[in-house]
Amino acid sequence: MAVNLTNVLVDKIDFSGIVVTRKEGDLKRQLHINSHYLFLNKKSRIDFKALLTFRKFLKENKITHIQAHSSSWFFAVLTLFVIPTIKIVWHDHFGNRVNYNNGGNLLRLSSIFFSSVIVVNDELKKWSKKKLLVSKIYFIPNFSNLNLDTKKTTLLKGVDGKRIVCVANLKEPKNHLFLIQCFFESKVFLQDWSLHLIGKDFDDAYAHDCKEYVQKNNISNHVYFYGSCDDISNILKQANVGVLASTYEGFPVTLLEYSYHRLLVLSTNVGYCSNLIEKDKGYLFSPFNQKELVSCLQQLVTSSEKNEKLAVNFNSFVIQNFSSEKIIEQFLAVYRA
């Protein structure tokens, strides 16, 4: 979302830039050519060199607002010691924060210095009102830029018309093993359906467990791991179904990306997902209920006409309600407040 916001704001305000504190990544390549960029290479929680570099960047570009995403709120607050007039807007995407207490007291005290808070679902808004010491708290939905990139780096395997894609880094909350198990139990691979997992592979125990399950159950010709890819639009054009199985979410941009490419969506019911995927727009399941997801997958074989209608409905709903032009005005209103 930081990249999405930066890119859209380029044409809306005098200055739009993004600052990366600790580690650069693939998303850097998606920045608008006119976006400003700074990498601080921060080495510790309190890094004076990084802070002074940031101060120089803010001063030179006459920046008045910092939009701190998720855990970067602490560094943003430190900035007040070198530029006391800066305004901090905290943008919280962490869907599991309502069940997460680590650092809660420090966040609560630091929130005194926030100009306002933006959250991505109603649960986070209720939590913020209860826990934080700031009066201006806004729910603003996420949005996705429809990036019709021309890159065609990734070629999906499997049979045309029967590809299920999951775009999510290979890590615990994204629930890949559960998804793979349900895919196997559904037996849809016997009808030539295939599952394609797109996202960074951390080569850890979690990734090993997922791959081991695929090998042990002899479905390596139906379940494919691609690692990190930056031609997502190209990938989604080759798919027919998009699935998200996370155990928690805030407001997943992935679902919006699926919708733009008119994929049938199978979604976990956590976070804001159930507000997006209603009964006439896709299939919802509990990320802990194997029977529910197996049933959803089996609908791919038995309900093709219905599924096409669901995909069209969701596509229309997202375009009407979550376009960048519509949502960005809400962000601008917060900045002006």
# chains A, B, ... in the order shown; residues from 1 in each chain; ligands from 1

$ select_by_dssp --residues "range 66-169 of chain A" --states "helix (DSSP H, G or I)" --output "PyMOL selection string"
chain A and resi 70-79+97-99+104-113+122-131

$ residues_around --residues "Phe331 in chain A" --least-positions-apart "3" --cutoff "10 Å" --atoms "only C-alpha atoms" --output "list of chain:residue names"
A:Leu5, A:Leu9, A:Ile118, A:Tyr138, A:Ile140, A:Pro141, A:Lys326, A:Ile327, A:Ile328, A:Val334, A:Tyr335, A:Arg336

$ closest_residue --among "A:His93, A:Lys279, A:Lys187, A:Lys174" --to "Val243 in chain A" --atoms "only C-alpha atoms"
A:Lys174

$ residues_around --residues "Arg29 in chain A" --least-positions-apart "6" --cutoff "12 Å" --atoms "only C-alpha atoms" --output "list in words"
Val3, Asn7, Ser35, Tyr37, Asp149, Cys229, Asp230 and Asp231 of chain A

$ closest_residue --among "A:Ser303, A:Leu310, A:Asp209, A:Val253" --to "Glu278 in chain A" --atoms "only C-alpha atoms"
A:Leu310

$ residues_around --residues "Tyr213 in chain A" --least-positions-apart "4" --cutoff "12 Å" --atoms "only C-alpha atoms" --output "PDB file with C-alpha atoms, in the first residue's frame"
ATOM      1  CA  HIS A 176      -0.298 -22.391   2.538  1.00  0.00           C
ATOM      2  CA  LEU A 177      -0.082 -25.868   4.073  1.00  0.00           C
ATOM      3  CA  PHE A 178      -3.784 -25.769   4.933  1.00  0.00           C
ATOM      4  CA  LEU A 179      -4.546 -24.675   1.364  1.00  0.00           C
ATOM      5  CA  ILE A 180      -2.421 -27.450  -0.149  1.00  0.00           C
ATOM      6  CA  GLN A 181      -4.026 -30.052   2.117  1.00  0.00           C
ATOM      7  CA  CYS A 182      -7.511 -28.906   1.106  1.00  0.00           C
ATOM      8  CA  PHE A 183      -6.533 -28.910  -2.557  1.00  0.00           C
ATOM      9  CA  PHE A 184      -5.419 -32.530  -2.178  1.00  0.00           C
ATOM     10  CA  TYR A 206       7.385 -23.703   6.951  1.00  0.00           C
ATOM     11  CA  ALA A 207       8.343 -23.819   3.261  1.00  0.00           C
ATOM     12  CA  HIS A 208       9.874 -27.264   3.747  1.00  0.00           C
ATOM     13  CA  ASP A 209       6.653 -28.624   5.289  1.00  0.00           C
ATOM     14  CA  ASN A 217       1.135 -37.032  -1.767  1.00  0.00           C
ATOM     15  CA  ASN A 218       2.449 -37.175  -5.341  1.00  0.00           C
ATOM     16  CA  ILE A 219       0.872 -33.903  -6.465  1.00  0.00           C
ATOM     17  CA  SER A 220       4.017 -32.126  -7.702  1.00  0.00           C
ATOM     18  CA  VAL A 223       1.048 -27.838  -7.154  1.00  0.00           C
TER      19      VAL A 223
END

$ residues_around --residues "Gly250 in chain A" --least-positions-apart "5" --cutoff "10 Å" --atoms "only C-alpha atoms" --output "VMD selection string"
chain A and resid 92 to 97 119 to 124 141 to 142 270 to 273

$ closest_residue --among "A:Gly282, A:Leu332, A:Leu31, A:Asn240" --to "Gln67 in chain A" --atoms "only C-alpha atoms"
A:Leu332

$ residues_around --residues "Ile88 in chain A" --least-positions-apart "4" --cutoff "9 Å" --atoms "only C-alpha atoms" --output "list in words"
Thr64, His65, Ile66, Gln67, Ala68, Trp73, Ala76, Val77, Leu80, Phe113, Phe114, Ser115, Ser116 and Val117 of chain A

$ write_last_selection --atoms "C-alpha atoms" --output "PDB file, in the first residue's frame"
ATOM      1  CA  THR A  64       4.996  18.440   6.322  1.00  0.00           C
ATOM      2  CA  HIS A  65       3.481  14.946   6.821  1.00  0.00           C
ATOM      3  CA  ILE A  66       4.936  11.501   7.411  1.00  0.00           C
ATOM      4  CA  GLN A  67       2.650   8.540   6.780  1.00  0.00           C
ATOM      5  CA  ALA A  68       4.158   5.777   8.897  1.00  0.00           C
ATOM      6  CA  TRP A  73       5.559   4.424  13.854  1.00  0.00           C
ATOM      7  CA  ALA A  76       8.412   8.438  12.842  1.00  0.00           C
ATOM      8  CA  VAL A  77       8.021   9.528  16.471  1.00  0.00           C
ATOM      9  CA  LEU A  80       9.838  14.766  16.153  1.00  0.00           C
ATOM     10  CA  PHE A 113       2.334  12.355  19.010  1.00  0.00           C
ATOM     11  CA  PHE A 114       0.187  11.066  16.128  1.00  0.00           C
ATOM     12  CA  SER A 115      -1.761  13.665  14.187  1.00  0.00           C
ATOM     13  CA  SER A 116      -4.203  10.957  13.079  1.00  0.00           C
ATOM     14  CA  VAL A 117      -4.549   7.218  12.551  1.00  0.00           C
TER      15      VAL A 117
END

$ select_by_dssp --residues "range 52-295 of chain A" --states "strand (DSSP E)" --output "number ranges by chain"
A: 65-69, 87-92, 116-119, 137-139, 163-167, 194-198, 223-227, 241-244, 264-268, 283-285

$ closest_residue --among "A:Arg55, A:Ser72, A:Leu297, A:Ser110" --to "Pro84 in chain A" --atoms "only C-alpha atoms"
A:Arg55

$ atom_distance --atom1 "CA of Phe81 in chain A" --atom2 "CA of Lys136 in chain A"
22.3 Å

$ closest_residue --among "A:Gln215, A:Ser70, A:Ser228, A:Ser286" --to "Asn175 in chain A" --atoms "only C-alpha atoms"
A:Ser286

$ residues_around --residues "Ile198 in chain A" --least-positions-apart "5" --cutoff "12 Å" --atoms "only C-alpha atoms" --output "JSON, numbers by chain"
{"A": [154, 155, 156, 164, 165, 166, 167, 168, 169, 170, 171, 174, 176, 223, 224, 225, 226, 227, 228, 229, 230, 231, 232, 233, 235, 236, 239, 242, 243, 244, 254]}

$ write_last_selection --atoms "N, CA, C and O atoms" --output "tab-separated table (two decimals), in the first residue's frame"
chain	number	residue	atom	x	y	z
A	154	THR	N	6.86	-14.77	-16.17
A	154	THR	CA	6.42	-16.03	-15.57
A	154	THR	C	5.39	-16.73	-16.45
A	154	THR	O	4.37	-16.13	-16.83
A	155	LEU	N	5.64	-17.97	-16.75
A	155	LEU	CA	4.69	-18.79	-17.50
A	155	LEU	C	4.16	-19.87	-16.56
A	155	LEU	O	4.92	-20.72	-16.07
A	156	LEU	N	2.86	-19.81	-16.28
A	156	LEU	CA	2.26	-20.79	-15.38
A	156	LEU	C	2.15	-22.15	-16.06
A	156	LEU	O	1.82	-22.26	-17.24
A	164	ILE	N	-5.51	-22.34	-10.39
A	164	ILE	CA	-5.81	-21.64	-9.14
A	164	ILE	C	-4.51	-20.97	-8.69
A	164	ILE	O	-3.48	-21.63	-8.61
A	165	VAL	N	-4.56	-19.68	-8.40
A	165	VAL	CA	-3.35	-18.98	-7.99
A	165	VAL	C	-3.53	-18.42	-6.58
A	165	VAL	O	-4.61	-17.99	-6.20
A	166	CYS	N	-2.44	-18.46	-5.82
A	166	CYS	CA	-2.41	-17.85	-4.49
A	166	CYS	C	-1.21	-16.93	-4.44
A	166	CYS	O	-0.05	-17.40	-4.53
A	167	VAL	N	-1.44	-15.62	-4.34
A	167	VAL	CA	-0.35	-14.64	-4.27
A	167	VAL	C	-0.16	-14.26	-2.81
A	167	VAL	O	-0.94	-13.49	-2.24
A	168	ALA	N	0.87	-14.80	-2.20
A	168	ALA	CA	1.16	-14.54	-0.78
A	168	ALA	C	2.54	-15.10	-0.46
A	168	ALA	O	2.85	-16.24	-0.85
A	169	ASN	N	3.37	-14.33	0.21
A	169	ASN	CA	4.68	-14.82	0.61
A	169	ASN	C	4.55	-16.09	1.44
A	169	ASN	O	3.59	-16.25	2.21
A	170	LEU	N	5.51	-16.98	1.29
A	170	LEU	CA	5.45	-18.29	1.92
A	170	LEU	C	5.81	-18.16	3.41
A	170	LEU	O	6.96	-18.35	3.80
A	171	LYS	N	4.81	-17.80	4.22
A	171	LYS	CA	5.03	-17.66	5.65
A	171	LYS	C	3.76	-18.04	6.40
A	171	LYS	O	2.66	-18.05	5.83
A	174	LYS	N	-0.11	-16.97	6.17
A	174	LYS	CA	-0.76	-17.11	4.87
A	174	LYS	C	-1.34	-18.50	4.65
A	174	LYS	O	-2.05	-18.73	3.67
A	176	HIS	N	-0.47	-21.62	3.77
A	176	HIS	CA	-0.30	-22.39	2.54
A	176	HIS	C	-0.50	-23.89	2.74
A	176	HIS	O	-1.08	-24.56	1.88
A	223	VAL	N	0.78	-28.94	-8.08
A	223	VAL	CA	1.05	-27.84	-7.15
A	223	VAL	C	2.44	-27.30	-7.46
A	223	VAL	O	3.43	-28.04	-7.43
A	224	TYR	N	2.51	-25.99	-7.76
A	224	TYR	CA	3.77	-25.39	-8.22
A	224	TYR	C	4.16	-24.20	-7.35
A	224	TYR	O	3.32	-23.37	-7.00
A	225	PHE	N	5.45	-24.10	-7.04
A	225	PHE	CA	6.01	-22.99	-6.27
A	225	PHE	C	6.86	-22.14	-7.21
A	225	PHE	O	7.75	-22.65	-7.87
A	226	TYR	N	6.61	-20.83	-7.25
A	226	TYR	CA	7.30	-19.95	-8.18
A	226	TYR	C	8.24	-18.96	-7.50
A	226	TYR	O	9.03	-18.30	-8.17
A	227	GLY	N	8.14	-18.83	-6.18
A	227	GLY	CA	8.95	-17.83	-5.49
A	227	GLY	C	8.42	-16.43	-5.76
A	227	GLY	O	7.29	-16.24	-6.23
A	228	SER	N	9.25	-15.42	-5.49
A	228	SER	CA	8.85	-14.03	-5.67
A	228	SER	C	8.82	-13.66	-7.16
A	228	SER	O	9.76	-13.97	-7.89
A	229	CYS	N	7.73	-13.05	-7.59
A	229	CYS	CA	7.57	-12.64	-8.99
A	229	CYS	C	7.11	-11.19	-9.04
A	229	CYS	O	6.33	-10.75	-8.18
A	230	ASP	N	7.57	-10.43	-10.03
A	230	ASP	CA	7.14	-9.03	-10.13
A	230	ASP	C	6.29	-8.78	-11.37
A	230	ASP	O	6.05	-7.62	-11.73
A	231	ASP	N	5.80	-9.84	-12.01
A	231	ASP	CA	4.88	-9.68	-13.15
A	231	ASP	C	3.50	-10.24	-12.78
A	231	ASP	O	2.95	-11.09	-13.48
A	232	ILE	N	2.97	-9.72	-11.66
A	232	ILE	CA	1.73	-10.27	-11.10
A	232	ILE	C	0.56	-10.15	-12.09
A	232	ILE	O	-0.25	-11.08	-12.22
A	233	SER	N	0.46	-9.04	-12.77
A	233	SER	CA	-0.64	-8.87	-13.73
A	233	SER	C	-0.58	-9.96	-14.80
A	233	SER	O	-1.61	-10.57	-15.14
A	235	ILE	N	0.73	-12.90	-14.50
A	235	ILE	CA	0.39	-14.17	-13.85
A	235	ILE	C	-1.11	-14.33	-13.71
A	235	ILE	O	-1.68	-15.37	-14.03
A	236	LEU	N	-1.77	-13.27	-13.22
A	236	LEU	CA	-3.21	-13.35	-12.99
A	236	LEU	C	-3.99	-13.49	-14.29
A	236	LEU	O	-5.07	-14.09	-14.30
A	239	ALA	N	-4.51	-17.10	-14.94
A	239	ALA	CA	-5.24	-17.88	-13.93
A	239	ALA	C	-6.75	-17.74	-14.11
A	239	ALA	O	-7.23	-16.89	-14.85
A	242	GLY	N	-8.57	-17.16	-7.90
A	242	GLY	CA	-7.63	-16.61	-6.94
A	242	GLY	C	-8.05	-17.01	-5.54
A	242	GLY	O	-9.23	-16.91	-5.19
A	243	VAL	N	-7.11	-17.49	-4.74
A	243	VAL	CA	-7.43	-17.94	-3.39
A	243	VAL	C	-6.53	-17.26	-2.37
A	243	VAL	O	-5.37	-16.98	-2.64
A	244	LEU	N	-7.11	-16.95	-1.21
A	244	LEU	CA	-6.38	-16.38	-0.08
A	244	LEU	C	-6.84	-17.13	1.15
A	244	LEU	O	-8.04	-17.16	1.45
A	254	THR	N	-4.50	-8.15	-2.29
A	254	THR	CA	-4.51	-9.30	-3.20
A	254	THR	C	-5.90	-9.59	-3.74
A	254	THR	O	-6.06	-9.89	-4.93

$ atom_distance --atom1 "CA of Phe39 in chain A" --atom2 "CA of Phe143 in chain A"
24.6 Å

$ closest_residue --among "A:Asp26, A:Ser304, A:Phe251, A:Lys237" --to "Phe139 in chain A" --atoms "only C-alpha atoms"
A:Phe251
